[in-house]
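Chemist: Sending over model_29.cif (mmCIF, C-alpha atoms).
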```
data_work
loop_
_atom_site.label_atom_id
_atom_site.label_comp_id
_atom_site.auth_asym_id
_atom_site.auth_seq_id
_atom_site.Cartn_x
_atom_site.Cartn_y
_atom_site.Cartn_z
CA MET A 1 8.93 33.66 -3.10
CA GLN A 2 9.63 30.03 -3.94
CA PRO A 3 10.36 28.07 -0.72
CA THR A 4 13.63 26.19 -0.62
CA ALA A 5 13.58 22.39 -0.49
CA GLY A 6 14.20 20.71 2.85
CA PRO A 7 17.26 18.55 3.68
CA THR A 8 15.84 15.38 2.09
CA ASN A 9 13.40 17.11 -0.29
CA SER A 10 10.81 14.57 0.79
CA LEU A 11 7.96 13.93 3.19
CA LEU A 12 10.60 12.98 5.77
CA ASP A 13 11.41 16.68 6.17
CA VAL A 14 8.26 16.86 8.31
CA ALA A 15 9.81 15.44 11.47
CA GLY A 16 7.98 12.48 12.96
CA LEU A 17 6.70 11.06 9.66
CA ALA A 18 8.10 7.90 8.09
CA VAL A 19 7.49 6.28 4.70
CA GLY A 20 7.64 2.61 3.70
CA HIS A 21 7.01 0.86 0.39
CA HIS A 22 6.18 -2.73 -0.44
CA GLN A 23 5.58 -4.14 -3.91
CA ARG A 24 5.36 -7.36 -5.87
CA VAL A 25 6.47 -7.59 -9.50
CA GLY A 26 6.41 -10.60 -11.84
CA ASP A 27 4.33 -13.78 -12.21
CA GLY A 28 1.25 -11.68 -12.96
CA TRP A 29 1.94 -9.11 -10.24
CA LEU A 30 2.51 -5.39 -10.71
CA THR A 31 1.20 -3.62 -7.65
CA GLY A 32 2.18 -2.36 -4.23
CA THR A 33 1.43 -0.35 -1.11
CA THR A 34 2.94 2.74 0.52
CA VAL A 35 2.46 3.64 4.19
CA VAL A 36 2.99 7.03 5.80
CA ARG A 37 3.47 6.39 9.51
CA CYS A 38 2.67 9.24 11.89
CA PRO A 39 4.26 10.00 15.29
CA PRO A 40 3.06 7.85 18.22
CA GLU A 41 0.52 10.48 19.27
CA GLY A 42 -0.77 10.69 15.70
CA ALA A 43 -1.16 13.68 13.40
CA VAL A 44 -4.13 15.98 12.87
CA ALA A 45 -5.69 15.12 9.52
CA GLY A 46 -8.09 16.23 6.83
CA VAL A 47 -8.89 15.03 3.33
CA ASP A 48 -10.13 16.32 -0.03
CA VAL A 49 -11.53 13.82 -2.56
CA ARG A 50 -11.97 15.29 -6.04
CA GLY A 51 -12.11 12.43 -8.53
CA GLY A 52 -15.31 10.81 -9.76
CA ALA A 53 -14.30 7.22 -8.91
CA PRO A 54 -12.63 7.22 -5.47
CA GLY A 55 -11.67 4.22 -3.39
CA THR A 56 -11.19 5.35 0.21
CA ARG A 57 -11.45 4.31 3.85
CA GLU A 58 -12.13 6.39 6.99
CA THR A 59 -12.45 9.66 5.05
CA ASP A 60 -15.82 10.49 6.66
CA LEU A 61 -14.10 10.33 10.03
CA LEU A 62 -11.84 13.22 8.96
CA ASP A 63 -14.77 15.61 8.54
CA PRO A 64 -14.01 18.48 10.98
CA ARG A 65 -17.49 18.04 12.50
CA ASN A 66 -16.64 14.54 13.70
CA LEU A 67 -14.94 13.19 16.81
CA VAL A 68 -11.46 11.97 15.90
CA GLU A 69 -8.83 14.57 14.99
CA ARG A 70 -5.62 12.52 14.77
CA VAL A 71 -4.62 9.58 12.61
CA HIS A 72 -1.80 7.11 13.16
CA ALA A 73 -0.96 6.21 9.58
CA ILE A 74 -2.11 6.79 6.01
CA VAL A 75 -2.21 3.91 3.53
CA LEU A 76 -1.85 4.48 -0.21
CA SER A 77 -2.24 1.36 -2.29
CA GLY A 78 -2.72 -0.15 -5.69
CA GLY A 79 -5.34 -2.83 -6.24
CA SER A 80 -8.39 -0.61 -6.64
CA ALA A 81 -10.99 -1.30 -3.91
CA PHE A 82 -9.34 -4.65 -3.12
CA GLY A 83 -6.22 -2.74 -2.04
CA LEU A 84 -8.06 -1.17 0.90
CA ALA A 85 -7.36 -4.46 2.68
CA ALA A 86 -3.75 -3.29 3.14
CA ALA A 87 -5.00 -0.91 5.85
CA ASP A 88 -6.17 -3.90 7.92
CA GLY A 89 -2.60 -5.09 8.29
CA VAL A 90 -1.40 -1.64 9.29
CA MET A 91 -4.16 -1.35 11.89
CA ARG A 92 -3.29 -4.69 13.47
CA GLU A 93 0.43 -3.90 13.60
CA LEU A 94 -0.15 -0.47 15.15
CA TYR A 95 -2.51 -2.06 17.67
CA ALA A 96 0.23 -4.53 18.60
CA GLN A 97 2.60 -1.58 19.06
CA GLY A 98 0.14 0.16 21.39
CA ARG A 99 -0.70 2.99 19.02
CA GLY A 100 -4.27 4.13 18.56
CA PHE A 101 -7.25 6.16 19.75
CA PRO A 102 -7.83 5.35 23.44
CA MET A 103 -11.14 3.64 24.11
CA GLY A 104 -10.93 2.84 27.82
CA GLY A 105 -8.42 0.90 29.89
CA PRO A 106 -4.77 0.10 29.12
CA GLY A 107 -4.36 -1.50 25.72
CA GLU A 108 -7.92 -0.66 24.69
CA LEU A 109 -7.37 1.45 21.60
CA VAL A 110 -8.21 1.62 17.93
CA PRO A 111 -5.58 2.78 15.42
CA ILE A 112 -6.99 5.33 12.98
CA VAL A 113 -5.71 4.45 9.50
CA PRO A 114 -7.40 6.22 6.57
CA ALA A 115 -6.57 4.88 3.12
CA ALA A 116 -6.94 5.64 -0.58
CA VAL A 117 -6.35 3.33 -3.52
CA CYS A 118 -5.59 3.62 -7.21
CA PHE A 119 -6.55 1.38 -10.12
CA ASP A 120 -3.79 -0.92 -11.43
CA LEU A 121 -5.69 -4.21 -11.79
CA GLY A 122 -4.44 -6.54 -14.48
CA ARG A 123 -1.39 -4.49 -15.44
CA GLY A 124 0.93 -7.28 -14.34
CA GLY A 125 -1.06 -9.85 -16.29
CA ASP A 126 -3.22 -11.28 -13.48
CA PHE A 127 -6.34 -9.23 -12.70
CA GLY A 128 -6.61 -11.03 -9.34
CA ALA A 129 -3.14 -10.04 -8.12
CA PHE A 130 -3.77 -7.20 -5.69
CA PRO A 131 -2.47 -6.06 -2.27
CA ASP A 132 -3.80 -7.61 0.92
CA ALA A 133 -3.20 -7.01 4.62
CA GLY A 134 0.30 -8.48 4.28
CA PHE A 135 1.30 -5.65 1.96
CA GLY A 136 0.33 -3.15 4.63
CA VAL A 137 2.30 -5.02 7.28
CA ALA A 138 5.39 -5.11 5.06
CA ALA A 139 5.14 -1.42 4.08
CA LEU A 140 4.72 -0.38 7.71
CA ALA A 141 7.74 -2.49 8.65
CA ALA A 142 9.70 -0.71 5.92
CA ALA A 143 8.65 2.65 7.40
CA ASP A 144 9.61 1.51 10.89
CA GLY A 145 12.96 0.43 9.45
CA GLY A 146 13.86 3.92 8.31
CA GLY A 147 12.52 4.04 4.79
CA ARG A 148 13.47 0.61 3.47
CA THR A 149 11.55 -0.89 0.59
CA ALA A 150 10.48 -4.52 0.69
CA ASP A 151 10.03 -6.44 -2.55
CA GLU A 152 8.47 -9.72 -3.61
CA GLY A 153 9.68 -10.89 -6.99
CA GLY A 154 11.20 -8.96 -9.83
CA ARG A 155 14.14 -7.50 -7.90
CA PRO A 156 15.89 -7.86 -4.54
CA ALA A 157 14.83 -5.95 -1.48
CA GLY A 158 16.57 -2.60 -1.13
CA SER A 159 17.83 -0.69 1.88
CA PRO A 160 18.28 2.91 0.74
CA PRO A 161 20.30 5.40 2.78
CA SER A 162 18.70 6.66 5.95
CA GLY A 163 16.57 9.73 5.30
CA HIS A 164 15.88 8.87 1.67
CA VAL A 165 12.42 8.03 0.27
CA PRO A 166 12.76 5.83 -2.83
CA GLN A 167 10.80 7.23 -5.77
CA GLY A 168 9.52 5.99 -9.09
CA SER A 169 7.86 2.70 -9.96
CA LEU A 170 7.53 1.12 -6.53
CA GLY A 171 5.15 0.97 -3.57
CA ALA A 172 1.67 2.15 -4.45
CA GLY A 173 3.09 3.44 -7.74
CA THR A 174 4.36 0.05 -8.94
CA GLY A 175 1.50 -0.47 -11.39
CA ALA A 176 0.81 3.21 -12.01
CA GLN A 177 0.41 4.81 -15.43
CA VAL A 178 -0.16 8.38 -16.50
CA GLY A 179 -1.61 9.05 -19.92
CA GLY A 180 -0.23 5.73 -21.18
CA LEU A 181 3.28 6.26 -19.78
CA ARG A 182 4.61 4.67 -16.60
CA GLY A 183 3.61 6.49 -13.43
CA GLY A 184 4.99 6.16 -9.92
CA VAL A 185 5.64 7.70 -6.51
CA GLY A 186 7.26 11.09 -6.03
CA THR A 187 7.96 13.35 -3.09
CA ALA A 188 9.13 16.93 -2.49
CA SER A 189 9.32 19.50 0.29
CA GLY A 190 9.44 23.24 0.82
CA VAL A 191 10.67 25.23 3.81
CA LEU A 192 9.10 28.64 4.38
CA PRO A 193 11.15 31.65 5.59
CA ASP A 194 9.89 31.15 9.16
CA GLY A 195 11.12 27.53 9.14
CA THR A 196 7.75 25.84 8.62
CA THR A 197 7.97 22.77 6.40
CA VAL A 198 5.34 21.62 3.91
CA ALA A 199 5.95 18.36 2.03
CA ALA A 200 4.09 15.98 -0.25
CA LEU A 201 4.20 12.37 -1.37
CA VAL A 202 2.07 11.56 -4.41
CA VAL A 203 1.23 8.40 -6.36
CA VAL A 204 0.82 9.52 -9.98
CA ASN A 205 -1.71 7.27 -11.74
CA ALA A 206 -3.93 9.30 -14.01
CA VAL A 207 -6.21 9.11 -17.03
CA GLY A 208 -4.84 12.50 -18.06
CA SER A 209 -1.34 13.12 -19.36
CA ALA A 210 1.71 14.55 -17.61
CA VAL A 211 2.94 15.59 -21.05
CA ASP A 212 1.93 18.54 -23.19
CA LEU A 213 1.05 16.59 -26.32
CA THR A 214 1.84 19.56 -28.57
CA THR A 215 5.48 19.77 -27.44
CA GLY A 216 6.36 16.66 -25.43
CA GLU A 217 7.25 18.77 -22.38
CA LEU A 218 6.11 17.86 -18.88
CA TRP A 219 3.30 20.17 -17.79
CA GLY A 220 4.76 20.67 -14.32
CA ALA A 221 8.47 20.92 -15.18
CA ARG A 222 8.57 24.70 -14.83
CA HIS A 223 7.79 24.34 -11.12
CA LEU A 224 10.91 22.30 -10.35
CA VAL A 225 13.70 23.68 -8.18
CA ALA A 226 17.39 22.78 -8.38
CA GLU A 227 17.15 20.22 -5.56
CA ASP A 228 14.47 18.28 -7.45
CA LEU A 229 16.99 16.95 -9.96
CA THR A 230 19.71 15.88 -7.59
CA GLY A 231 19.81 12.94 -5.23
CA PRO A 232 20.84 9.30 -4.92
CA GLY A 233 20.47 8.07 -8.48
CA ASP A 234 16.87 9.05 -9.14
CA TRP A 235 17.63 11.20 -12.15
CA PRO A 236 19.63 10.86 -15.38
CA ASP A 237 22.76 12.92 -14.68
CA GLY A 238 20.65 15.42 -12.75
CA ARG A 239 19.66 17.16 -15.99
CA TRP A 240 16.65 19.38 -16.39
CA PRO A 241 13.79 18.10 -18.53
CA GLN A 242 13.36 20.21 -21.63
CA ARG A 243 11.40 20.16 -24.89
CA PRO A 244 12.18 16.88 -26.70
CA HIS A 245 12.86 16.50 -30.41
CA PRO A 246 9.72 16.67 -32.59
CA GLU A 247 10.38 13.23 -34.08
CA GLU A 248 10.25 11.71 -30.59
CA LEU A 249 6.85 13.30 -30.03
CA ALA A 250 5.52 11.79 -33.26
CA ALA A 251 6.93 8.38 -32.35
CA ALA A 252 5.45 8.58 -28.86
CA ARG A 253 2.00 9.36 -30.27
CA ALA A 254 2.21 6.38 -32.64
CA ALA A 255 3.36 4.07 -29.84
CA ALA A 256 0.52 5.24 -27.59
CA GLU A 257 -2.08 4.53 -30.29
CA GLU A 258 -0.67 1.04 -30.83
CA ALA A 259 -0.55 0.32 -27.09
CA ASN A 260 -4.13 1.47 -26.58
CA ALA A 261 -5.29 -0.78 -29.41
CA THR A 262 -3.57 -3.92 -28.09
CA SER A 263 -3.78 -3.49 -24.30
CA SER A 264 -5.67 -6.20 -22.42
CA VAL A 265 -6.50 -3.91 -19.47
CA PRO A 266 -8.39 -0.62 -19.46
CA ARG A 267 -6.19 2.46 -19.69
CA SER A 268 -9.16 4.69 -18.92
CA LEU A 269 -9.20 3.93 -15.18
CA ALA A 270 -6.61 5.42 -12.85
CA THR A 271 -6.51 7.73 -9.73
CA THR A 272 -3.81 9.96 -8.25
CA ILE A 273 -3.52 9.82 -4.46
CA GLY A 274 -1.18 11.26 -1.87
CA VAL A 275 -0.38 13.10 1.34
CA VAL A 276 0.51 16.75 2.01
CA ALA A 277 1.97 17.35 5.48
CA THR A 278 3.35 20.13 7.65
CA ASP A 279 5.01 20.48 11.04
CA ALA A 280 2.82 23.49 11.89
CA THR A 281 -0.14 23.28 14.24
CA LEU A 282 -3.38 23.07 12.25
CA ASP A 283 -6.91 21.95 13.05
CA PRO A 284 -8.76 19.36 10.93
CA ALA A 285 -10.45 22.01 8.78
CA GLN A 286 -7.10 23.61 7.99
CA CYS A 287 -5.64 20.19 7.18
CA ALA A 288 -8.47 19.65 4.71
CA ARG A 289 -7.70 23.05 3.23
CA LEU A 290 -4.03 22.03 2.90
CA ALA A 291 -5.19 19.02 0.88
CA THR A 292 -7.49 21.23 -1.21
CA SER A 293 -4.58 23.46 -2.20
CA GLY A 294 -2.58 20.34 -3.04
CA HIS A 295 -5.16 19.52 -5.70
CA ASP A 296 -4.21 22.79 -7.40
CA GLY A 297 -0.75 21.28 -7.72
CA MET A 298 -2.23 18.17 -9.32
CA ALA A 299 -3.88 20.34 -11.97
CA ARG A 300 -0.51 21.86 -12.89
CA ALA A 301 1.10 18.44 -13.41
CA VAL A 302 -1.58 16.42 -15.23
CA ASN A 303 -4.22 17.41 -17.77
CA PRO A 304 -7.08 16.59 -17.49
CA ILE A 305 -7.28 15.87 -13.76
CA HIS A 306 -10.20 14.95 -11.48
CA THR A 307 -12.04 13.09 -14.23
CA MET A 308 -14.96 10.71 -13.74
CA PHE A 309 -12.51 7.83 -14.25
CA ASP A 310 -10.09 9.01 -11.53
CA GLY A 311 -10.59 8.91 -7.78
CA ASP A 312 -8.07 11.68 -7.05
CA SER A 313 -7.67 12.08 -3.28
CA LEU A 314 -5.24 13.94 -1.02
CA PHE A 315 -4.83 13.72 2.74
CA GLY A 316 -3.59 16.70 4.75
CA LEU A 317 -1.51 16.06 7.88
CA ALA A 318 -0.17 18.33 10.63
CA THR A 319 2.26 17.00 13.23
CA CYS A 320 1.81 20.21 15.30
CA ALA A 321 5.49 20.39 16.29
CA ARG A 322 5.51 24.13 15.54
CA GLU A 323 3.17 26.90 16.60
CA ALA A 324 -0.08 27.66 14.81
CA PRO A 325 0.48 30.10 11.92
CA ASP A 326 -1.26 33.44 11.49
CA GLN A 327 -3.36 34.18 8.42
CA ALA A 328 -0.35 35.13 6.33
CA GLY A 329 1.39 31.95 7.45
CA VAL A 330 -1.58 29.82 6.47
CA HIS A 331 -1.67 31.49 3.06
CA ALA A 332 2.02 30.73 2.51
CA MET A 333 1.52 27.11 3.52
CA LEU A 334 -1.41 26.66 1.15
CA HIS A 335 0.59 28.11 -1.72
CA THR A 336 3.49 25.81 -0.90
CA SER A 337 1.15 22.81 -0.74
CA GLY A 338 0.30 23.20 -4.41
CA GLU A 339 3.95 23.70 -5.33
CA VAL A 340 5.26 20.60 -3.55
CA VAL A 341 2.49 18.43 -5.00
CA THR A 342 3.37 19.54 -8.54
CA ARG A 343 7.08 18.96 -7.94
CA ALA A 344 6.44 15.55 -6.36
CA MET A 345 4.38 14.50 -9.37
CA VAL A 346 7.03 15.58 -11.87
CA ARG A 347 9.68 13.74 -9.87
CA ALA A 348 7.52 10.61 -9.91
CA VAL A 349 7.27 10.71 -13.70
CA LEU A 350 11.01 11.35 -14.12
CA ALA A 351 11.94 8.50 -11.78
CA ALA A 352 9.59 5.96 -13.39
CA THR A 353 11.04 3.07 -15.39
CA THR A 354 9.77 1.21 -18.44
CA ILE A 355 8.17 -2.21 -17.92
CA THR A 356 6.70 -4.93 -20.11
CA THR A 357 4.24 -7.47 -18.70
CA PRO A 358 1.82 -9.94 -20.31
CA ALA A 359 -0.72 -7.10 -20.26
CA GLY A 360 1.40 -4.66 -22.27
CA THR A 361 4.27 -2.21 -22.18
CA TRP A 362 4.38 1.04 -20.24
CA ARG A 363 7.31 3.21 -21.23
CA SER A 364 8.84 5.77 -18.94
CA TYR A 365 8.82 9.42 -19.94
CA LEU A 366 12.59 9.45 -20.37
CA ASP A 367 12.51 6.36 -22.58
CA ALA A 368 9.74 7.86 -24.70
CA PHE A 369 11.49 11.25 -24.89
CA PRO A 370 15.23 10.61 -24.40
CA SER A 371 16.22 14.03 -25.73
CA ALA A 372 14.27 15.65 -22.88
CA ALA A 373 17.16 14.71 -20.56
CA LEU A 374 19.92 16.19 -22.71
CA PRO A 375 21.83 19.31 -21.53
CA PRO A 376 21.36 22.08 -20.38
CA THR A 377 22.24 20.88 -16.90
CA THR A 378 21.33 23.92 -14.79
CA PRO A 379 18.12 25.90 -14.38
CA ASP A 380 19.89 29.10 -15.50
CA ALA A 381 20.71 27.52 -18.87
CA ARG A 382 17.20 26.27 -19.65
#
```
Would you write the structure of this file as structure tokens?
Modeler:
Amino acid sequence: MQPTAGPTNSLLDVAGLAVGHHQRVGDGWLTGTTVVRCPPEGAVAGVDVRGGAPGTRETDLLDPRNLVERVHAIVLSGGSAFGLAAADGVMRELYAQGRGFPMGGPGELVPIVPAAVCFDLGRGGDFGAFPDAGFGVAALAAADGGGRTADEGGRPAGSPPSGHVPQGSLGAGTGAQVGGLRGGVGTASGVLPDGTTVAALVVVNAVGSAVDLTTGELWGARHLVAEDLTGPGDWPDGRWPQRPHPEELAAARAAAEEANATSSVPRSLATTIGVVATDATLDPAQCARLATSGHDGMARAVNPIHTMFDGDSLFGLATCAREAPDQAGVHAMLHTSGEVVTRAMVRAVLAATTITTPAGTWRSYLDAFPSAALPPTTPDAR
């Protein structure tokens, strides 16, 4: 049975987690950072890295054989390996707040902040414009402020409604692309019959395509639920994506060939990264398994996935607010992990917006295939 979406249909439905974005757009910049802040006591964590070109930090620490079980934040960032510096800012801010792994006396602690990065270098026009520690500080501040998004250049700072995670071309997804189209950040949640919540936040930035190139349809669209296409302005009239007109598919193919021929930055480097979380009690090995199942969701939304040019990585988190599940409960959570990752990725693509920089143009899916957003307007009419 398909789980229902939670109240916000986002990672925030796992109580205790917070999300903040920071990005810079314009003057050569097109990149950003997203922070998932955990409860003060941290969250049990695991990780599964599948891509052939990962950029990560503190993932070895999450091996179930090792000492530390809980993390205090997860950093997702653009900037390729340079973007790992954003985690430094998050660590220092958490240290100042008194959050971290205790190492001795009062105040002697080390915040545990794993990170993963995606490739977006040069997409704004300046190859050397990438996130630093300040991006992490700003994204954490946005998370602490209830989900605000902080901007530098390109557009004013936003303060979305409480309990809403902004999606699309912002945060770590600011410079994202997927198969030549604009990528971005998406999130989704599912609530199991027993009340357990599983939710995902994913930065879609992939060598592979989110689109079936024979039809123009989104690979993962069939996994959407009604709540995925409603919300505060993320979607065009809340309409379901459907098969676009054939002439749009032909035009999109021609535009992609032209863009690939004239682009000044490589379109063959990418990486999809994200977090899958639950409020159930899991151990580190089970958290890693939660992330593993999330990768199944990636494979339903993008084809091909986990290539040698992607560093696809997912973190699994458990806040342990609910009791530990039995075997059947774990099975249901793992199934839901894949579902919410697919839905989050489709939502990211649908919320993305077209942009032109000195490095080229990345069109959004809905600009490339405008007829995909035409009626029908309900799942029953698809």
Chemist: Using the chain letters and numbering of this document, enumerate as a list in words the residues selected by the PyMOL selection byres ((chain A and resi 314) around 9).
Modeler: Gly46, Val47, Asp48, Val49, Arg50, Ala116, Val202, Thr272, Ile273, Gly274, Val275, Val276, Ala288, Ala291, Thr292, Gly294, His295, Asp312, Ser313, Phe315 and Gly316 of chain A
Chemist: Keeping only C-alpha atoms, take the residues you just selected and write them out as a JSON list (two decimals), keeping the file's coordinate frame.
Modeler:
```json
[["chain", "number", "residue", "atom", "x", "y", "z"],
["A", 46, "GLY", "CA", -8.09, 16.23, 6.83],
["A", 47, "VAL", "CA", -8.89, 15.03, 3.33],
["A", 48, "ASP", "CA", -10.13, 16.32, -0.03],
["A", 49, "VAL", "CA", -11.53, 13.82, -2.56],
["A", 50, "ARG", "CA", -11.97, 15.29, -6.04],
["A", 116, "ALA", "CA", -6.94, 5.64, -0.58],
["A", 202, "VAL", "CA", 2.07, 11.56, -4.41],
["A", 272, "THR", "CA", -3.81, 9.96, -8.25],
["A", 273, "ILE", "CA", -3.52, 9.82, -4.46],
["A", 274, "GLY", "CA", -1.18, 11.26, -1.87],
["A", 275, "VAL", "CA", -0.38, 13.10, 1.34],
["A", 276, "VAL", "CA", 0.51, 16.75, 2.01],
["A", 288, "ALA", "CA", -8.47, 19.65, 4.71],
["A", 291, "ALA", "CA", -5.19, 19.02, 0.88],
["A", 292, "THR", "CA", -7.49, 21.23, -1.21],
["A", 294, "GLY", "CA", -2.58, 20.34, -3.04],
["A", 295, "HIS", "CA", -5.16, 19.52, -5.70],
["A", 312, "ASP", "CA", -8.07, 11.68, -7.05],
["A", 313, "SER", "CA", -7.67, 12.08, -3.28],
["A", 315, "PHE", "CA", -4.83, 13.72, 2.74],
["A", 316, "GLY", "CA", -3.59, 16.70, 4.75]]
```
Chemist: When distances are computed from only C-alpha atoms, which of A:Phe82, A:Tyr95, A:Trp219, A:Phe130 shows the smallest separation from Ala299 (chain A)?
Modeler: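 That would be A:Trp219, the residue with the smallest distance to Ala299 (chain A).
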Chemist: Please provide as a JSON list (two decimals) with C-alpha atoms, in the frame of the given file all residues within 8 Å of Val110 (chain A), with the sequence filter that same-chain residues fewer than 5 positions apart are discarded (counting all atoms listed in the file).
Modeler:
```
[["chain", "number", "residue", "atom", "x", "y", "z"],
["A", 91, "MET", "CA", -4.16, -1.35, 11.89],
["A", 95, "TYR", "CA", -2.51, -2.06, 17.67],
["A", 99, "ARG", "CA", -0.70, 2.99, 19.02],
["A", 100, "GLY", "CA", -4.27, 4.13, 18.56],
["A", 101, "PHE", "CA", -7.25, 6.16, 19.75],
["A", 102, "PRO", "CA", -7.83, 5.35, 23.44],
["A", 103, "MET", "CA", -11.14, 3.64, 24.11]]
```
Chemist: Mind checking which residues fall within 12 Å of Glu247 (chain A), counting all atoms listed in the file, ignoring those fewer than 5 positions away in the same chain, and posting them as a list in words?
Modeler: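 Selected residues are Thr214, Thr215, Gly216, Ala252, Arg253, Ala254, Ala368, Phe369, Pro370 and Ser371 of chain A.
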Chemist: If we count all atoms listed in the file, what is near Glu69 (chain A) at a cut-off of 8 Å, once residues fewer than 5 positions away on the same chain are taken out, given as a count of residues only?
Modeler: 7
Chemist: Select, from A:Ala251, A:Cys118, A:Leu218, A:Ala226, the residue with the minimum atom-to-atom distance to Ala206 (chain A), counting all atoms listed in the file.
Modeler: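 Answer, going by the shortest atom-to-atom distance: A:Cys118.
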Chemist: Measuring atom to atom with only C-alpha atoms, identify which of A:Ala81, A:Ala324, A:Val117, A:Val346 is nearest to Gly220 (chain A).
Modeler: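 Residue with the minimum atom-to-atom distance to Gly220 (chain A): A:Val346.
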Chemist: Ranking A:Arg37, A:His245, A:His306, A:Arg24 by minimum distance to Gly171 (chain A) and counting all atoms listed in the file, which one comes first?
Modeler: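 The shortest atom-to-atom distance to Gly171 (chain A) comes from A:Arg24.
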Chemist: Mind pulling up the distance from CA of Val19 (chain A) to CA of Ala86 (chain A)?
Modeler: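 Rounded to one decimal, the two atoms are 14.8 Å apart.
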Chemist: Kindly provide, as a ChimeraX atom specification, the polymer residues lying within 9 Å of (11.0, 24.4, -4.9), counting all atoms listed in the file and using the coordinates exactly as they appear in the file.
Modeler: /A:2-5,9,188-191,223-228,336,339-340,343
Chemist: Compare A:Ala351, A:Val14, A:Cys38, A:Ala332 by their minimum atom-to-atom distance to Asp194 (chain A), counting all atoms listed in the file, and give me the closest one.
Modeler: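 Residue with the minimum atom-to-atom distance to Asp194 (chain A): A:Ala332.
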Chemist: Which one is closest to Arg57 (chain A): A:Thr187, A:Pro39, A:Cys320, A:Leu76? Count all atoms listed in the file.
Modeler: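 With all atoms listed in the file as the atom set, the closest residue is A:Leu76.
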